[in-house]
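A short worksheet on the structure shown next.
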Amino acid sequence: MTQAKSERLTENQSCEGVLDFESLWHLYTNWFEAPNIRRGGWSGVIRQAVNTNTGAVDAFIKRQENHLSKTWLHPFKGEATFSKEYRNILRLTKKNIPTLKPLFFEQQGMKAILVTKALNDYQPLDIASRKLDRLQKRALLTQVAKNLRLMHQYHFQHNCLYPKHIFVKYVNGEWRVRFIDLEKLKWQLFKTRAIHRDLITLYRHSVGNWSEKDRIFFFRTYQQEEKLSPRSKKLWRKLQIKNATKSKIVFNQLTAPN
C-alpha cells in the first residue's frame with residue numbers, strides 16, 4: 001500500500017487542527033459533481049462550509065480513491081490526480097499567478113482529499129462574457145490575457161484551457177481572474193509550446209462567445225502590441241490554421257490583422 005502522504009500548509013492557509021482526513025472522508029452530503037468513475041477508481045466533489053482557524057469557510061471538498069494518472073515521476077503505478085492538482089496550485093501561487101486557495105490536502109494510501117476555498121460570486125469566462133458590452137468585454141479579456149501571459153512567462157502550460165476553467169469576478173471596477181482545474185498543468189522547456197497549445201484550446205472553445213474582433217483584440221493584448229509585429233503575425237496565422245484544422249472549420253481569411 002502507498003505510504004500515507006500529508007501536506008501541511010502555511011499558517012495563513014492552514015486548517016490544521018480543524019480539518020482532518022477521517023472526518024472529511026466520511027462526510028456525507030449531496031454531490032456537487034457526480035463522481036467520475038474510471039479504471040477501477042472514483043473521484044467526486046461536494047460543496048460544504050468548513051470550520052477553519054479564522055471561522056467558517058465555504059469550500060469544495062474533493063475526494064478520490066484509486067483515481068490515478070501516469071506521470072514521469074510515477075510512470076507505472078501512477079499518481080493521485082489530486083496530488084498533482086495540489087502541487088500545481090502551489091506552483092502557480094508561488095509565482096503570483098491567480099488560482100485556487102488550498103485549505104487542506106492529504107493522501108492516505110490510495111485515498112486523497114483536496115479542499116479549496118470556493119470561488120464565491122465567480123463565473124466561468126464563457127458565462128460571464130455573454131451579456132457584456134464592448135468596453136466591459138474588452139476590460140475582461142485584457143485581464144485574462146494579462147494573467148495568461150504571466151503563466152506562460154513562467155513556462156507553465158495549462159493544457160486544458162477551456163473558458164469554463166477560467167473563473168472571473170468583477171470587483172470594485174476591475175476583473176479578477178482565477179485559473180482552475182490544474183490537474184494537467186505542466187512546465188514546458190520551450191514556452192512557445194505552452195502558448196500554442198493553450199491559445200488554440202481557448203480559441204477553439206470560445207466559438208459562439210468571442211467574435212473575430214474579440215480574438216484579435218485578445219491576441220494583441222496578450223502580445224502587448226498595438227500593431228502586430230511580423231513575428232506575431234506569423235504566430236497568428238499559425239494559430240488560425242491550427243484552430244481551423246482542429247475545429248474542422250475552414251476560415252474564409254487566414255490573413256493576419258494589422
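Ligands are numbered from 1 in the order shown, chains are lettered A, B, ... in the order of the C-alpha cells, and residues start at 1 in each chain.
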
Among range 121-159 of chain A, which residues carry a DSSP assignment of helix (DSSP H, G or I), reported as a PyMOL selection string? chain A and resi 125-128+134-153

Within 12 Å of range 101-106 of chain A: each range 154-229 of chain A residue with its shortest pair, only C-alpha atoms, as JSON lines:
{"residue": "A:Arg178", "atom": "CA", "partner": "A:Lys101", "partner_atom": "CA", "distance": 9.9}
{"residue": "A:Phe179", "atom": "CA", "partner": "A:Lys101", "partner_atom": "CA", "distance": 10.9}
{"residue": "A:Ile180", "atom": "CA", "partner": "A:Lys101", "partner_atom": "CA", "distance": 10.2}

Since we have the selection now, will you write its residues out, keeping all heavy atoms, as a CSV table (one decimal), in the first residue's frame?
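This is the output file result_17.csv:
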chain,number,residue,atom,x,y,z
A,178,ARG,N,-9.2,33.7,-12.0
A,178,ARG,CA,-8.6,32.6,-11.3
A,178,ARG,C,-8.6,31.4,-12.3
A,178,ARG,O,-9.6,31.1,-13.0
A,178,ARG,CB,-9.5,32.2,-10.1
A,178,ARG,CG,-9.5,33.2,-9.0
A,178,ARG,CD,-8.2,33.2,-8.2
A,178,ARG,NE,-8.3,34.1,-7.1
A,178,ARG,CZ,-8.1,35.4,-7.2
A,178,ARG,NH1,-7.7,36.0,-8.3
A,178,ARG,NH2,-8.1,36.2,-6.1
A,179,PHE,N,-7.4,30.7,-12.4
A,179,PHE,CA,-7.3,29.5,-13.2
A,179,PHE,C,-7.6,28.3,-12.4
A,179,PHE,O,-7.0,28.2,-11.3
A,179,PHE,CB,-5.9,29.4,-13.9
A,179,PHE,CG,-5.6,30.6,-14.8
A,179,PHE,CD1,-4.7,31.6,-14.5
A,179,PHE,CD2,-6.1,30.6,-16.1
A,179,PHE,CE1,-4.4,32.6,-15.3
A,179,PHE,CE2,-5.9,31.6,-17.0
A,179,PHE,CZ,-5.0,32.6,-16.6
A,180,ILE,N,-8.4,27.4,-12.9
A,180,ILE,CA,-8.8,26.2,-12.1
A,180,ILE,C,-8.5,25.0,-12.9
A,180,ILE,O,-8.1,25.1,-14.1
A,180,ILE,CB,-10.2,26.3,-11.6
A,180,ILE,CG1,-11.2,26.1,-12.8
A,180,ILE,CG2,-10.5,27.6,-10.9
A,180,ILE,CD1,-12.6,25.8,-12.4

Mind pulling up the distance from CA of Thr192 in chain A to CA of Arg138 in chain A? 24.6 Å

For range 80-84 of chain A, list every protein, DNA or RNA residue within 6 Å, evaluated using only C-alpha atoms, and leave out those in the same chain fewer than 2 positions away; present the list as a PyMOL selection string. chain A and resi 67-68+86-87+183

Can you check which residues of range 59-219 of chain A DSSP gives as strand (DSSP E or B) on the backbone and send them as a ChimeraX atom specification? /A:59-65,68-69,79-80,99,102-108,111-117,123-124,156-157,166-171,174-179,186-187,207,210

Could you work out how far CA of Arg220 in chain A lies from CA of Lys169 in chain A, giving the answer in Å with one decimal?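 Pair CA of Lys169 in chain A / CA of Arg220 in chain A returns 22.6 Å.
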
Residues near Pro163 in chain A, cut-off 12 Å, only C-alpha atoms, skip fewer than 5 positions along chain, as a PyMOL selection string: chain A and resi 123-130+141+144+158+168+177-181+198-210

Enter the distance from CA of Ile37 in chain A to CA of Trp25 in chain A, in Å, rounded to one decimal.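 Interatomic distance here is 17.1 Å.
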
Option closest in space to Val115 in chain A, from A:Ile61, A:Leu235, A:Leu185, A:Ala49 [counting only C-alpha atoms]: A:Ile61

Considering only C-alpha atoms, can you say which of A:Ile216, A:Val45, A:Val171, A:Ala56 comes closest to Ile113 in chain A?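 Among A:Ile216, A:Val45, A:Val171, A:Ala56, it is A:Val45 that comes nearest to Ile113 in chain A.
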